[in-house]
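Heads up: the structure comes next, in structure tokens.
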Amino acid sequence: GRAMTPLTNRQDAFGHEIWDYLHGEEVGEVIERDDGYIDTSDGPKAYVAPYADWPAFERQAVRMARGRVLDVGCGGGRVALHLQEKGHEVVGIDNSPLAVRACRKRGVDDVRLMSVTQIGPRMGVFDTVIMFGNNFGLFGSFKRARLLLGKMAGMTSHKARIIAQTLDPYDTRQPEHLAYQRRNRRRDRMGGQVRIRVRHRSYVTPWFDYLLVSRDEMREIVEGTSWRVARTFDSPGPVYIALLEKEEQR
């Protein structure tokens with residue numbers, strides 16, 4: 001998807017909703033799927049929530065962070081700020097210019113306007129990669145997930161971890177979702193490879209692929225990429241966090 005290059009101001013629905021929320025406005029988030037399905041979330045509230053307000057499974061998972069951290073899709077900066085407070089060196093990346101500005105304003109030390117596809121060894125070595133807010137989804141597809149996991153293996157230390165949040169798309173009874181998954185499979189896409197865009201007022205992002213995976217699919221994706229699923233942290237709903245660790249080099 002084109003959403004991998006930094007967004008223009010007109011496209012930066014995500015950044016504008018965070019910015020407006022931080023400036024005291026009531027803000028929701030509208031997510032539009034390419035089959036016409038519309039969903040809303042309280043988006044920005046979650047993207048800037050202090051650690052004390054995080055769900056328990058997120059608080060547990062974030063304790064697994066160690067050393068130098070790459071925060072992928074850092075949004076409003078909640079994870080970066082929490083880990084900085086704990087003494088970690090954190091680099092946040094996001095392709096939303098206004099989210100990056102909001103992070104700087106809120107005190108994130110090192111935040112860069114870039115997409116996950118632009119990461120590389122020139123950024124130095126990381127001990128932890130965090131993909132909260134379902135941001136495992138930013139991998140977009142099976143193939144690109146494997147490609148980027150390989151890239152992450154090359155820019156992380158030997159005991160590195162990836163803490164990745166996603167949701168099991170099959171944990172639903174909604175007929176629209178089930179129909180969408182069938183349509184995806186007919187088109188040789190993964191069932192949970194959703195094509196979406198985010199809207200806020202008159203701002204709208206380009207369409208992009210966002211990958212939602214079951215626990216089995218997660219294991220399939222990481223197979224042979226130098227990573228393995230060490231454990232998962234489960235929420236009461238379909239959302240879960242996978243802790244990926246480096247395979248022992250044989």
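Each chain in the structure tokens gets a letter, A, B and so on, in the order shown; residues start at 1 in every chain, and ligands are counted from 1 in the order they appear.
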Please build the interface table for segment 147-175 of chain A against segment 114-137 of chain A with a cut-off of 6 Å, listing for each qualifying residue the nearest atom pair and the distance in Å to one decimal; count only C-alpha atoms, order rows by chain and increasing number, and write it as JSON lines.
{"residue": "A:Met155", "atom": "CA", "partner": "A:Pro121", "partner_atom": "CA", "distance": 5.0}
{"residue": "A:Thr156", "atom": "CA", "partner": "A:Phe126", "partner_atom": "CA", "distance": 4.5}
{"residue": "A:Ser157", "atom": "CA", "partner": "A:Asp127", "partner_atom": "CA", "distance": 5.4}
{"residue": "A:Ala160", "atom": "CA", "partner": "A:Asp127", "partner_atom": "CA", "distance": 4.5}
{"residue": "A:Arg161", "atom": "CA", "partner": "A:Thr128", "partner_atom": "CA", "distance": 4.9}
{"residue": "A:Ile162", "atom": "CA", "partner": "A:Val129", "partner_atom": "CA", "distance": 4.6}
{"residue": "A:Ile163", "atom": "CA", "partner": "A:Ile130", "partner_atom": "CA", "distance": 4.8}
{"residue": "A:Ala164", "atom": "CA", "partner": "A:Met131", "partner_atom": "CA", "distance": 4.6}
{"residue": "A:Gln165", "atom": "CA", "partner": "A:Asn134", "partner_atom": "CA", "distance": 4.5}
{"residue": "A:Thr166", "atom": "CA", "partner": "A:Asn134", "partner_atom": "CA", "distance": 4.2}
Problem - Residues near Arg104 of chain A, cut-off 12 Å, only C-alpha atoms, skip fewer than 2 positions along chain, as a list in words - result: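 With the cut-off at 12 Å, the set is Trp19, Cys74, Gly75, Gly76, Gly77, Arg78, Ala80, Leu81, Val91, Gly92, Ile93, Asp94, Pro97, Leu98, Ala99, Val100, Arg101, Ala102, Arg106, Gly107, Val108, Asp109, Asp110, Val111, Arg112 and Leu113 of chain A.
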Restricting the output to C-alpha atoms, write the selected residues as a PDB file, in the first residue's frame.
ATOM      1  CA  TRP A  19      -3.385  16.278  17.713  1.00  0.00           C
ATOM      2  CA  CYS A  74       4.534   4.968  17.825  1.00  0.00           C
ATOM      3  CA  GLY A  75       1.318   6.986  17.356  1.00  0.00           C
ATOM      4  CA  GLY A  76       0.770   9.281  20.327  1.00  0.00           C
ATOM      5  CA  GLY A  77       3.972   8.090  22.021  1.00  0.00           C
ATOM      6  CA  ARG A  78       2.464   6.195  24.948  1.00  0.00           C
ATOM      7  CA  ALA A  80       7.948   5.315  24.056  1.00  0.00           C
ATOM      8  CA  LEU A  81       7.208   7.649  26.982  1.00  0.00           C
ATOM      9  CA  VAL A  91      13.507   5.224  18.842  1.00  0.00           C
ATOM     10  CA  GLY A  92       9.901   5.797  17.751  1.00  0.00           C
ATOM     11  CA  ILE A  93       8.884   5.667  14.095  1.00  0.00           C
ATOM     12  CA  ASP A  94       5.598   6.622  12.442  1.00  0.00           C
ATOM     13  CA  PRO A  97       3.884  13.742  10.389  1.00  0.00           C
ATOM     14  CA  LEU A  98       1.490  15.100  13.013  1.00  0.00           C
ATOM     15  CA  ALA A  99       1.813  12.003  15.223  1.00  0.00           C
ATOM     16  CA  VAL A 100       5.587  12.511  15.112  1.00  0.00           C
ATOM     17  CA  ARG A 101       5.108  16.159  16.080  1.00  0.00           C
ATOM     18  CA  ALA A 102       2.758  15.146  18.912  1.00  0.00           C
ATOM     19  CA  ARG A 106       4.929  15.073  24.620  1.00  0.00           C
ATOM     20  CA  GLY A 107       8.595  14.415  25.302  1.00  0.00           C
ATOM     21  CA  VAL A 108       9.634  11.432  23.179  1.00  0.00           C
ATOM     22  CA  ASP A 109      13.412  11.897  22.812  1.00  0.00           C
ATOM     23  CA  ASP A 110      13.954  10.280  19.418  1.00  0.00           C
ATOM     24  CA  VAL A 111      11.038   9.988  17.010  1.00  0.00           C
ATOM     25  CA  ARG A 112      11.409   9.728  13.257  1.00  0.00           C
ATOM     26  CA  LEU A 113       9.025  10.211  10.354  1.00  0.00           C
TER      27      LEU A 113
END
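Ranking A:Met152, A:Ile241, A:Val198, A:Ala145 by their shortest atom-to-atom distance to Ile221 of chain A, with only C-alpha atoms included, puts A:Ala145 first.
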Problem - Shell of 12 Å around Asn184 of chain A, only C-alpha atoms, local chain residues under 2 positions omitted, as a PyMOL selection string - result: chain A and resi 34-35+141+177-182+186-195+209+211
Exercise for the section: DSSP on the backbone, then: every residue of segment 85-196 of chain A marked strand (DSSP E or B), written as a PyMOL selection string. Expected result: chain A and resi 90-94+111-113+126-131+156-167+193-196
Those same residues - N, CA, C and O atoms - I'd like them written as a compact mmCIF listing (two decimals), in the first residue's frame.
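Output file part_10.txt is given in full below:
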# COMPACT_ATOMS: atom_id res chain seq x y z
N VAL A 90 14.86 4.75 23.45
CA VAL A 90 13.78 4.38 22.53
C VAL A 90 13.85 5.19 21.25
O VAL A 90 14.05 6.41 21.31
N VAL A 91 13.70 4.54 20.12
CA VAL A 91 13.51 5.22 18.84
C VAL A 91 12.08 4.92 18.38
O VAL A 91 11.72 3.76 18.19
N GLY A 92 11.26 5.97 18.24
CA GLY A 92 9.90 5.80 17.75
C GLY A 92 9.85 6.12 16.27
O GLY A 92 10.50 7.06 15.83
N ILE A 93 9.09 5.33 15.51
CA ILE A 93 8.88 5.67 14.10
C ILE A 93 7.38 5.66 13.77
O ILE A 93 6.62 4.89 14.33
N ASP A 94 6.99 6.57 12.90
CA ASP A 94 5.60 6.62 12.44
C ASP A 94 5.58 7.32 11.09
O ASP A 94 6.44 8.16 10.83
N VAL A 111 12.16 10.49 17.81
CA VAL A 111 11.04 9.99 17.01
C VAL A 111 11.26 10.42 15.57
O VAL A 111 11.66 11.55 15.30
N ARG A 112 11.05 9.49 14.65
CA ARG A 112 11.41 9.73 13.26
C ARG A 112 10.22 9.47 12.34
O ARG A 112 9.47 8.52 12.54
N LEU A 113 10.09 10.35 11.34
CA LEU A 113 9.02 10.21 10.35
C LEU A 113 9.48 9.19 9.32
O LEU A 113 10.24 9.51 8.42
N PHE A 126 19.08 -2.88 17.89
CA PHE A 126 18.01 -2.83 18.89
C PHE A 126 17.95 -4.15 19.65
O PHE A 126 18.29 -5.21 19.12
N ASP A 127 17.47 -4.08 20.89
CA ASP A 127 17.27 -5.27 21.72
C ASP A 127 15.80 -5.67 21.76
O ASP A 127 15.46 -6.80 22.07
N THR A 128 14.93 -4.69 21.47
CA THR A 128 13.49 -4.94 21.50
C THR A 128 12.83 -4.15 20.37
O THR A 128 13.19 -3.00 20.12
N VAL A 129 11.87 -4.80 19.70
CA VAL A 129 11.01 -4.10 18.75
C VAL A 129 9.59 -4.23 19.29
O VAL A 129 9.14 -5.33 19.61
N ILE A 130 8.90 -3.10 19.43
CA ILE A 130 7.52 -3.12 19.94
C ILE A 130 6.56 -2.71 18.84
O ILE A 130 6.78 -1.70 18.16
N MET A 131 5.50 -3.50 18.67
CA MET A 131 4.45 -3.20 17.71
C MET A 131 3.12 -3.29 18.45
O MET A 131 2.40 -4.28 18.35
N THR A 156 19.02 -6.43 15.11
CA THR A 156 18.75 -6.62 16.53
C THR A 156 19.82 -7.52 17.14
O THR A 156 20.47 -8.31 16.43
N SER A 157 19.98 -7.40 18.45
CA SER A 157 20.99 -8.18 19.16
C SER A 157 20.57 -9.65 19.23
O SER A 157 19.44 -10.01 18.93
N HIS A 158 21.49 -10.48 19.70
CA HIS A 158 21.30 -11.92 19.59
C HIS A 158 20.18 -12.42 20.53
O HIS A 158 19.51 -13.40 20.23
N LYS A 159 19.92 -11.68 21.61
CA LYS A 159 18.82 -12.09 22.50
C LYS A 159 17.59 -11.18 22.35
O LYS A 159 16.79 -11.04 23.28
N ALA A 160 17.44 -10.60 21.17
CA ALA A 160 16.38 -9.61 20.97
C ALA A 160 14.98 -10.21 21.03
O ALA A 160 14.79 -11.41 20.89
N ARG A 161 14.00 -9.32 21.26
CA ARG A 161 12.59 -9.70 21.32
C ARG A 161 11.76 -8.76 20.46
O ARG A 161 12.07 -7.59 20.35
N ILE A 162 10.69 -9.31 19.92
CA ILE A 162 9.67 -8.48 19.28
C ILE A 162 8.39 -8.68 20.09
O ILE A 162 8.01 -9.81 20.39
N ILE A 163 7.76 -7.57 20.49
CA ILE A 163 6.52 -7.64 21.27
C ILE A 163 5.43 -7.09 20.37
O ILE A 163 5.32 -5.88 20.16
N ALA A 164 4.65 -8.01 19.78
CA ALA A 164 3.77 -7.64 18.67
C ALA A 164 2.31 -7.90 18.99
O ALA A 164 1.93 -9.02 19.34
N GLN A 165 1.50 -6.86 18.85
CA GLN A 165 0.07 -6.99 19.13
C GLN A 165 -0.71 -7.15 17.82
O GLN A 165 -0.43 -6.48 16.83
N THR A 166 -1.69 -8.06 17.86
CA THR A 166 -2.58 -8.25 16.72
C THR A 166 -3.92 -8.73 17.25
O THR A 166 -4.14 -8.72 18.47
N LEU A 167 -4.81 -9.12 16.34
CA LEU A 167 -6.03 -9.76 16.83
C LEU A 167 -6.39 -10.91 15.91
O LEU A 167 -6.09 -10.89 14.72
N GLN A 193 -6.24 -10.19 6.06
CA GLN A 193 -5.51 -9.12 5.38
C GLN A 193 -6.52 -8.06 4.95
O GLN A 193 -7.07 -8.11 3.86
N VAL A 194 -6.78 -7.12 5.84
CA VAL A 194 -7.85 -6.15 5.57
C VAL A 194 -7.29 -4.93 4.86
O VAL A 194 -6.20 -4.46 5.16
N ARG A 195 -8.04 -4.46 3.87
CA ARG A 195 -7.65 -3.23 3.17
C ARG A 195 -8.52 -2.11 3.73
O ARG A 195 -9.74 -2.15 3.61
N ILE A 196 -7.89 -1.16 4.37
CA ILE A 196 -8.63 -0.13 5.10
C ILE A 196 -8.07 1.27 4.84
O ILE A 196 -6.98 1.42 4.29
Practice task
May I ask for the distance between atom CA of Ala52 of chain A and atom CA of Ile31 of chain A, given in Å to one decimal place?
Solution key: 26.7 Å
Exercise for the section: Please measure the separation of atom CA of Asp168 of chain A and atom CA of Leu7 of chain A, giving the value in Å to one decimal. Expected result: 27.9 Å
Completion exercise
Using only C-alpha atoms, the residue out of A:Glu247, A:Thr225, A:Thr205, A:Glu217 with shortest distance to Arg10 of chain A is A:Thr205
Exercise for the section: May I have the residues within 8 Å of Tyr37 of chain A as JSON, numbers by chain, using only C-alpha atoms and disregarding those fewer than 4 positions away in the same chain? Expected result: {"A": [32, 33, 176]}
What's around Glu29 of chain A at 7 Å? Count only C-alpha atoms, leave out sequence neighbours fewer than 2 positions away in its own chain, and write the answer as a JSON list (two decimals) with N, CA, C and O atoms, in the first residue's frame.
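Just written: result18.json:
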[["chain", "number", "residue", "atom", "x", "y", "z"],
["A", 27, "VAL", "N", -12.81, 13.37, 20.17],
["A", 27, "VAL", "CA", -12.41, 12.81, 18.88],
["A", 27, "VAL", "C", -12.68, 11.32, 18.83],
["A", 27, "VAL", "O", -12.36, 10.59, 19.76],
["A", 31, "ILE", "N", -12.86, 3.96, 10.70],
["A", 31, "ILE", "CA", -12.09, 3.05, 9.87],
["A", 31, "ILE", "C", -13.01, 2.49, 8.81],
["A", 31, "ILE", "O", -14.08, 1.96, 9.11],
["A", 40, "THR", "N", -15.93, 2.31, 14.01],
["A", 40, "THR", "CA", -15.37, 3.45, 14.73],
["A", 40, "THR", "C", -14.63, 2.94, 15.95],
["A", 40, "THR", "O", -14.90, 1.85, 16.46],
["A", 41, "SER", "N", -13.65, 3.73, 16.40],
["A", 41, "SER", "CA", -12.96, 3.37, 17.64],
["A", 41, "SER", "C", -12.72, 4.66, 18.41],
["A", 41, "SER", "O", -12.84, 5.75, 17.83],
["A", 42, "ASP", "N", -12.39, 4.54, 19.69],
["A", 42, "ASP", "CA", -12.07, 5.77, 20.42],
["A", 42, "ASP", "C", -10.59, 6.09, 20.27],
["A", 42, "ASP", "O", -10.00, 6.83, 21.03],
["A", 43, "GLY", "N", -9.99, 5.48, 19.24],
["A", 43, "GLY", "CA", -8.63, 5.71, 18.78],
["A", 43, "GLY", "C", -7.70, 6.51, 19.66],
["A", 43, "GLY", "O", -7.01, 5.95, 20.52],
["A", 199, "ARG", "N", -10.27, 7.69, 8.60],
["A", 199, "ARG", "CA", -10.84, 9.01, 8.34],
["A", 199, "ARG", "C", -10.98, 9.81, 9.63],
["A", 199, "ARG", "O", -11.30, 9.25, 10.66],
["A", 200, "HIS", "N", -10.75, 11.10, 9.53],
["A", 200, "HIS", "CA", -11.04, 12.01, 10.63],
["A", 200, "HIS", "C", -11.43, 13.34, 10.00],
["A", 200, "HIS", "O", -10.63, 13.93, 9.27]]
Exercise for the section: Determine the nearest neighbour of Ala242 of chain A from the options A:Arg185, A:Met64, A:His16, A:Thr8, counting only C-alpha atoms. Expected result: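 Smallest separation from Ala242 of chain A among the options: A:Met64.
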Practice task
Rank A:Lys86, A:Pro169, A:Ser96, A:Gly224 by their smallest atom-to-atom distance to Val204 of chain A, using only C-alpha atoms, and report the top residue only.
Solution key: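 For Val204 of chain A, the nearest of the given residues is A:Ser96.
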Practice task
Could you please determine the separation between atom CA of Tyr210 of chain A and atom CA of Arg197 of chain A in Å, to one decimal place?
Solution key: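 One can read the atom CA of Tyr210 of chain A to atom CA of Arg197 of chain A distance as 9.5 Å.
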